[in-house]
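The structure appears right after this line, and notes come after that.
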Amino acid sequence: MPTMIPNRHLFGPGPSNPYPEATAALGYPLLGHLDPDFITRLDNTCEGLRRVWGTTNSRTLPLSGTGSLGMETAFVNTLSKGDVAVIAVNGLFGQRMCEVASRCGAEVVRVDHDFGQPIDVERVAAAHPNPTVIAAVHAETSTGVLSDIKALGSVKGDALLIADAVTSIGGSELRADDWGIDVGYAGTQKCLGVAPGLAPFTISDAAFSRRVETPQSWYMDLGLLGGYVGGNSGGGRTYHHTAPVAMVASLEAALDRITAEGIENAWARHEAAGRKLQTGLQDMGLDLFAAEGHRLPQLTTVKVPDGVDSAAARAFLLTNFDIEIGGGVGEYADTVWRIGLMGPNANDASVALLLGAIEEAIK
Ligand code: PLP
């Protein structure tokens, strides 16, 4: 057991460093999960989540698990055996969606794109005449690409639109209601500035009424989870599973902080920091990986310069600067770096630190 955990700059694809308020809240006295004070806090957390999702959906809650649990919850509640799911794939997390949807027994119509490119909305919409679900990743963390979920929402027809907002929530414009997102899931460990462990989730009333009545998963059954956050049928909160009380307190603290900043200001701060980093890397002679015009500010993908050993440079950053950055994914494992500026790290000081350290690492 290490006696002291190093204090890293988490500039990879996530987790990011949490907001100090979120870290402090982990040390608050623990409440029982049915304590009235906790229930008030859970209500406040759900309200904060509605603000960052851009929704009035009553069923907006922090699921007890990571982003992948959010993904499973979205599909297991919307797809029955034989249903058609059109899934846009432009990176690892679109691929994961296909795997999850096919385990629900769905017929998956996969629409592949080159990695580094955004989804082609017209092609996705034309892939099947009558799908039950259309799904896409808003911010592909594996490639650093932002896709146009608003445009997809405008052509989805009768299908339910499932959006992965794990990396976008809190960092990029996200308006679930205005964009026609029926089901959305996210994670806490990126631009929301909280440790990993919860999956912010939202589902519209219309999508809820079309859900699978008895999904294969008891834990992720949204019909049962309504009572967990309370008020599903006008009643109070009922026991479904023991809420991760400390994590909810931490998320509540971060959401309060984001609310005080203003969600649009938080988006603008991520945008400014990310663009500054991208410009700085290009000024150093490095090439960015994601297609121009579709680059995520909170997660920059950059090509490892010729002659530089990717793993050795990342180890240098960790050892000498306590900086973690990510490698690439799949065939790009050794040729791309993924650099995150998320949550409290989206600021000029982080950009300056990163640029100086990377310059040293590639000398
Ligand atoms: N979707 C996206 C876009 C992600 O970036 C991630 C994780 O990085 C996930 C889903 C899965 O989330 P988790 O690793 O929290 O289970």
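Ordering of the structure tokens sets the chain letters (A, B, ...), residue numbers begin anew at 1 in every chain, and ligands are numbered from 1 in the order given.
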
Which residues are near ligand 1 - at most 9 Å, using only C-alpha atoms and all ligand atoms? Format: as a PDB file with N, CA and C atoms, in the first residue's frame.
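Dumped everything to part.pdb:
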```pdb
ATOM      1  N   PRO A  13      -7.904  11.485 -20.737  1.00  0.00           N
ATOM      2  CA  PRO A  13      -9.312  11.458 -21.173  1.00  0.00           C
ATOM      3  C   PRO A  13     -10.294  11.252 -20.025  1.00  0.00           C
ATOM      4  N   GLY A  14      -9.848  11.233 -18.823  1.00  0.00           N
ATOM      5  CA  GLY A  14     -10.697  11.062 -17.650  1.00  0.00           C
ATOM      6  C   GLY A  14     -10.262   9.835 -16.875  1.00  0.00           C
ATOM      7  N   PRO A  15     -10.364   9.862 -15.553  1.00  0.00           N
ATOM      8  CA  PRO A  15     -10.964  10.942 -14.785  1.00  0.00           C
ATOM      9  C   PRO A  15     -10.101  12.200 -14.787  1.00  0.00           C
ATOM     10  N   GLY A  65     -23.379   3.943 -10.706  1.00  0.00           N
ATOM     11  CA  GLY A  65     -22.416   3.202 -11.527  1.00  0.00           C
ATOM     12  C   GLY A  65     -21.723   4.190 -12.455  1.00  0.00           C
ATOM     13  N   THR A  66     -20.809   3.708 -13.260  1.00  0.00           N
ATOM     14  CA  THR A  66     -20.079   4.616 -14.149  1.00  0.00           C
ATOM     15  C   THR A  66     -20.852   4.820 -15.461  1.00  0.00           C
ATOM     16  N   GLY A  67     -20.241   5.549 -16.369  1.00  0.00           N
ATOM     17  CA  GLY A  67     -20.897   5.868 -17.635  1.00  0.00           C
ATOM     18  C   GLY A  67     -21.383   4.630 -18.379  1.00  0.00           C
ATOM     19  N   SER A  68     -20.626   3.547 -18.301  1.00  0.00           N
ATOM     20  CA  SER A  68     -21.023   2.325 -19.016  1.00  0.00           C
ATOM     21  C   SER A  68     -22.325   1.765 -18.455  1.00  0.00           C
ATOM     22  N   LEU A  69     -22.562   1.938 -17.161  1.00  0.00           N
ATOM     23  CA  LEU A  69     -23.843   1.521 -16.583  1.00  0.00           C
ATOM     24  C   LEU A  69     -24.959   2.380 -17.152  1.00  0.00           C
ATOM     25  N   GLY A  70     -24.671   3.663 -17.368  1.00  0.00           N
ATOM     26  CA  GLY A  70     -25.660   4.531 -18.005  1.00  0.00           C
ATOM     27  C   GLY A  70     -25.994   4.020 -19.399  1.00  0.00           C
ATOM     28  N   MET A  71     -24.950   3.613 -20.121  1.00  0.00           N
ATOM     29  CA  MET A  71     -25.156   3.080 -21.477  1.00  0.00           C
ATOM     30  C   MET A  71     -26.042   1.834 -21.425  1.00  0.00           C
ATOM     31  N   GLY A  91     -15.950   5.722 -33.217  1.00  0.00           N
ATOM     32  CA  GLY A  91     -14.923   5.538 -32.206  1.00  0.00           C
ATOM     33  C   GLY A  91     -15.284   4.383 -31.289  1.00  0.00           C
ATOM     34  N   LEU A  92     -14.488   4.224 -30.280  1.00  0.00           N
ATOM     35  CA  LEU A  92     -14.617   3.088 -29.359  1.00  0.00           C
ATOM     36  C   LEU A  92     -15.972   3.025 -28.671  1.00  0.00           C
ATOM     37  N   PHE A  93     -16.527   4.193 -28.301  1.00  0.00           N
ATOM     38  CA  PHE A  93     -17.743   4.152 -27.499  1.00  0.00           C
ATOM     39  C   PHE A  93     -18.983   3.879 -28.350  1.00  0.00           C
ATOM     40  N   GLY A  94     -18.941   4.231 -29.621  1.00  0.00           N
ATOM     41  CA  GLY A  94     -19.990   3.793 -30.539  1.00  0.00           C
ATOM     42  C   GLY A  94     -19.923   2.276 -30.719  1.00  0.00           C
ATOM     43  N   ARG A  96     -18.872   0.207 -28.489  1.00  0.00           N
ATOM     44  CA  ARG A  96     -19.388  -0.393 -27.251  1.00  0.00           C
ATOM     45  C   ARG A  96     -20.918  -0.390 -27.255  1.00  0.00           C
ATOM     46  N   MET A  97     -21.509   0.689 -27.766  1.00  0.00           N
ATOM     47  CA  MET A  97     -22.978   0.738 -27.865  1.00  0.00           C
ATOM     48  C   MET A  97     -23.505  -0.451 -28.666  1.00  0.00           C
ATOM     49  N   VAL A 137     -22.767   8.928 -30.105  1.00  0.00           N
ATOM     50  CA  VAL A 137     -21.942   9.532 -29.052  1.00  0.00           C
ATOM     51  C   VAL A 137     -21.761  11.012 -29.391  1.00  0.00           C
ATOM     52  N   HIS A 138     -22.090  11.870 -28.432  1.00  0.00           N
ATOM     53  CA  HIS A 138     -21.949  13.309 -28.672  1.00  0.00           C
ATOM     54  C   HIS A 138     -20.468  13.690 -28.750  1.00  0.00           C
ATOM     55  N   ALA A 139     -19.714  13.318 -27.753  1.00  0.00           N
ATOM     56  CA  ALA A 139     -18.278  13.648 -27.720  1.00  0.00           C
ATOM     57  C   ALA A 139     -17.501  12.344 -27.638  1.00  0.00           C
ATOM     58  N   GLU A 140     -16.896  11.938 -28.778  1.00  0.00           N
ATOM     59  CA  GLU A 140     -16.171  10.654 -28.814  1.00  0.00           C
ATOM     60  C   GLU A 140     -14.801  10.823 -28.155  1.00  0.00           C
ATOM     61  N   THR A 141     -14.683  10.298 -26.969  1.00  0.00           N
ATOM     62  CA  THR A 141     -13.456  10.450 -26.190  1.00  0.00           C
ATOM     63  C   THR A 141     -12.288   9.704 -26.821  1.00  0.00           C
ATOM     64  N   SER A 142     -12.592   8.681 -27.609  1.00  0.00           N
ATOM     65  CA  SER A 142     -11.492   7.914 -28.193  1.00  0.00           C
ATOM     66  C   SER A 142     -10.810   8.660 -29.327  1.00  0.00           C
ATOM     67  N   ASP A 164     -24.997   9.574 -25.953  1.00  0.00           N
ATOM     68  CA  ASP A 164     -23.922   9.429 -24.960  1.00  0.00           C
ATOM     69  C   ASP A 164     -23.306  10.804 -24.755  1.00  0.00           C
ATOM     70  N   ALA A 165     -23.443  11.314 -23.522  1.00  0.00           N
ATOM     71  CA  ALA A 165     -22.895  12.644 -23.218  1.00  0.00           C
ATOM     72  C   ALA A 165     -21.829  12.548 -22.122  1.00  0.00           C
ATOM     73  N   VAL A 166     -21.143  11.402 -22.064  1.00  0.00           N
ATOM     74  CA  VAL A 166     -20.185  11.184 -20.970  1.00  0.00           C
ATOM     75  C   VAL A 166     -19.116  12.279 -20.951  1.00  0.00           C
ATOM     76  N   THR A 167     -18.573  12.592 -22.113  1.00  0.00           N
ATOM     77  CA  THR A 167     -17.503  13.592 -22.142  1.00  0.00           C
ATOM     78  C   THR A 167     -18.024  14.991 -22.440  1.00  0.00           C
ATOM     79  N   SER A 168     -19.221  15.094 -22.979  1.00  0.00           N
ATOM     80  CA  SER A 168     -19.707  16.450 -23.314  1.00  0.00           C
ATOM     81  C   SER A 168     -20.354  17.151 -22.126  1.00  0.00           C
ATOM     82  N   TYR A 185     -27.244   9.537 -21.275  1.00  0.00           N
ATOM     83  CA  TYR A 185     -26.458   9.097 -20.111  1.00  0.00           C
ATOM     84  C   TYR A 185     -25.100   9.785 -20.155  1.00  0.00           C
ATOM     85  N   ALA A 186     -24.491   9.908 -18.967  1.00  0.00           N
ATOM     86  CA  ALA A 186     -23.214  10.612 -18.887  1.00  0.00           C
ATOM     87  C   ALA A 186     -22.382  10.011 -17.754  1.00  0.00           C
ATOM     88  N   GLY A 187     -21.309  10.682 -17.423  1.00  0.00           N
ATOM     89  CA  GLY A 187     -20.439  10.244 -16.324  1.00  0.00           C
ATOM     90  C   GLY A 187     -20.059  11.464 -15.506  1.00  0.00           C
ATOM     91  N   THR A 188     -19.598  11.221 -14.298  1.00  0.00           N
ATOM     92  CA  THR A 188     -19.260  12.352 -13.428  1.00  0.00           C
ATOM     93  C   THR A 188     -17.803  12.786 -13.535  1.00  0.00           C
ATOM     94  N   GLN A 189     -16.960  11.906 -14.090  1.00  0.00           N
ATOM     95  CA  GLN A 189     -15.511  12.052 -13.908  1.00  0.00           C
ATOM     96  C   GLN A 189     -14.823  12.954 -14.931  1.00  0.00           C
ATOM     97  N   LYS A 190     -15.603  13.599 -15.779  1.00  0.00           N
ATOM     98  CA  LYS A 190     -14.966  14.419 -16.816  1.00  0.00           C
ATOM     99  C   LYS A 190     -15.275  15.888 -16.555  1.00  0.00           C
ATOM    100  N   PRO A 196     -15.020   9.362 -10.586  1.00  0.00           N
ATOM    101  CA  PRO A 196     -15.891   8.412 -11.280  1.00  0.00           C
ATOM    102  C   PRO A 196     -16.792   7.680 -10.294  1.00  0.00           C
ATOM    103  N   GLY A 197     -17.981   7.288 -10.731  1.00  0.00           N
ATOM    104  CA  GLY A 197     -18.828   6.482  -9.853  1.00  0.00           C
ATOM    105  C   GLY A 197     -20.314   6.677 -10.033  1.00  0.00           C
ATOM    106  N   LEU A 198     -20.721   7.771 -10.689  1.00  0.00           N
ATOM    107  CA  LEU A 198     -22.149   7.965 -10.931  1.00  0.00           C
ATOM    108  C   LEU A 198     -22.371   8.218 -12.419  1.00  0.00           C
ATOM    109  N   ALA A 199     -23.575   7.875 -12.870  1.00  0.00           N
ATOM    110  CA  ALA A 199     -23.939   8.089 -14.271  1.00  0.00           C
ATOM    111  C   ALA A 199     -25.173   8.988 -14.338  1.00  0.00           C
TER     112      ALA A 199
END
```

- Query: Which residues come within 12 Å of segment 151-156 of chain A, counting only C-alpha atoms, excluding same-chain residues fewer than 2 positions away, as number ranges by chain?
  - Reply: A: 85-88, 118-138, 147-149, 158-163, 175-183

- Message: Would you pick out the contacts of Asn17 of chain A at 9 Å or less, using only C-alpha atoms, so that residues sharing its chain but fewer than 5 positions from it are not included, and give the list as a ChimeraX atom specification?
- Response: /A:8-11,189-190,193-195,342-345

Write a file of the just-selected residues containing N, CA and C atoms, as a PDB file, in the first residue's frame.
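Wrote it out as part-v7.pdb, contents follow:
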```
ATOM      1  N   ARG A   8      -1.606  14.103  -8.815  1.00  0.00           N
ATOM      2  CA  ARG A   8      -1.361  14.248 -10.254  1.00  0.00           C
ATOM      3  C   ARG A   8      -2.209  15.357 -10.880  1.00  0.00           C
ATOM      4  N   HIS A   9      -1.683  15.866 -11.985  1.00  0.00           N
ATOM      5  CA  HIS A   9      -2.517  16.671 -12.884  1.00  0.00           C
ATOM      6  C   HIS A   9      -3.162  15.686 -13.848  1.00  0.00           C
ATOM      7  N   LEU A  10      -4.449  15.493 -13.712  1.00  0.00           N
ATOM      8  CA  LEU A  10      -5.133  14.488 -14.555  1.00  0.00           C
ATOM      9  C   LEU A  10      -5.596  15.150 -15.852  1.00  0.00           C
ATOM     10  N   PHE A  11      -4.661  15.168 -16.818  1.00  0.00           N
ATOM     11  CA  PHE A  11      -4.910  15.805 -18.112  1.00  0.00           C
ATOM     12  C   PHE A  11      -5.130  14.750 -19.207  1.00  0.00           C
ATOM     13  N   GLN A 189     -16.960  11.906 -14.090  1.00  0.00           N
ATOM     14  CA  GLN A 189     -15.511  12.052 -13.908  1.00  0.00           C
ATOM     15  C   GLN A 189     -14.823  12.954 -14.931  1.00  0.00           C
ATOM     16  N   LYS A 190     -15.603  13.599 -15.779  1.00  0.00           N
ATOM     17  CA  LYS A 190     -14.966  14.419 -16.816  1.00  0.00           C
ATOM     18  C   LYS A 190     -15.275  15.888 -16.555  1.00  0.00           C
ATOM     19  N   GLY A 193     -16.428  17.375 -13.120  1.00  0.00           N
ATOM     20  CA  GLY A 193     -15.448  17.587 -12.062  1.00  0.00           C
ATOM     21  C   GLY A 193     -15.744  16.837 -10.768  1.00  0.00           C
ATOM     22  N   VAL A 194     -16.077  15.561 -10.906  1.00  0.00           N
ATOM     23  CA  VAL A 194     -16.345  14.691  -9.750  1.00  0.00           C
ATOM     24  C   VAL A 194     -15.593  13.385 -10.010  1.00  0.00           C
ATOM     25  N   ALA A 195     -15.306  12.629  -8.947  1.00  0.00           N
ATOM     26  CA  ALA A 195     -14.662  11.327  -9.156  1.00  0.00           C
ATOM     27  C   ALA A 195     -15.589  10.417  -9.975  1.00  0.00           C
ATOM     28  N   MET A 342     -10.574  19.308 -18.460  1.00  0.00           N
ATOM     29  CA  MET A 342     -11.967  19.103 -18.064  1.00  0.00           C
ATOM     30  C   MET A 342     -12.208  19.618 -16.653  1.00  0.00           C
ATOM     31  N   GLY A 343     -13.430  20.091 -16.426  1.00  0.00           N
ATOM     32  CA  GLY A 343     -13.801  20.556 -15.083  1.00  0.00           C
ATOM     33  C   GLY A 343     -12.870  21.657 -14.615  1.00  0.00           C
ATOM     34  N   PRO A 344     -12.306  21.523 -13.413  1.00  0.00           N
ATOM     35  CA  PRO A 344     -11.452  22.595 -12.888  1.00  0.00           C
ATOM     36  C   PRO A 344     -10.163  22.775 -13.683  1.00  0.00           C
ATOM     37  N   ASN A 345      -9.814  21.786 -14.517  1.00  0.00           N
ATOM     38  CA  ASN A 345      -8.566  21.895 -15.288  1.00  0.00           C
ATOM     39  C   ASN A 345      -8.712  22.742 -16.551  1.00  0.00           C
TER      40      ASN A 345
END
```

- Item | Nearest residue to Leu286 of chain A from the set A:Ile325, A:Ala266, A:Ile362, A:Ala24 (distances using only C-alpha atoms) | A:Ile362

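For segment 130-175 of chain A, backbone-based DSSP assignment of strand (DSSP E or B) covers Val133, Ile134, Ala135, Ala136, Val137, Ala139, Glu140, Val145, Leu146, Leu160, Leu161, Ile162, Ala163 and Asp164 of chain A.
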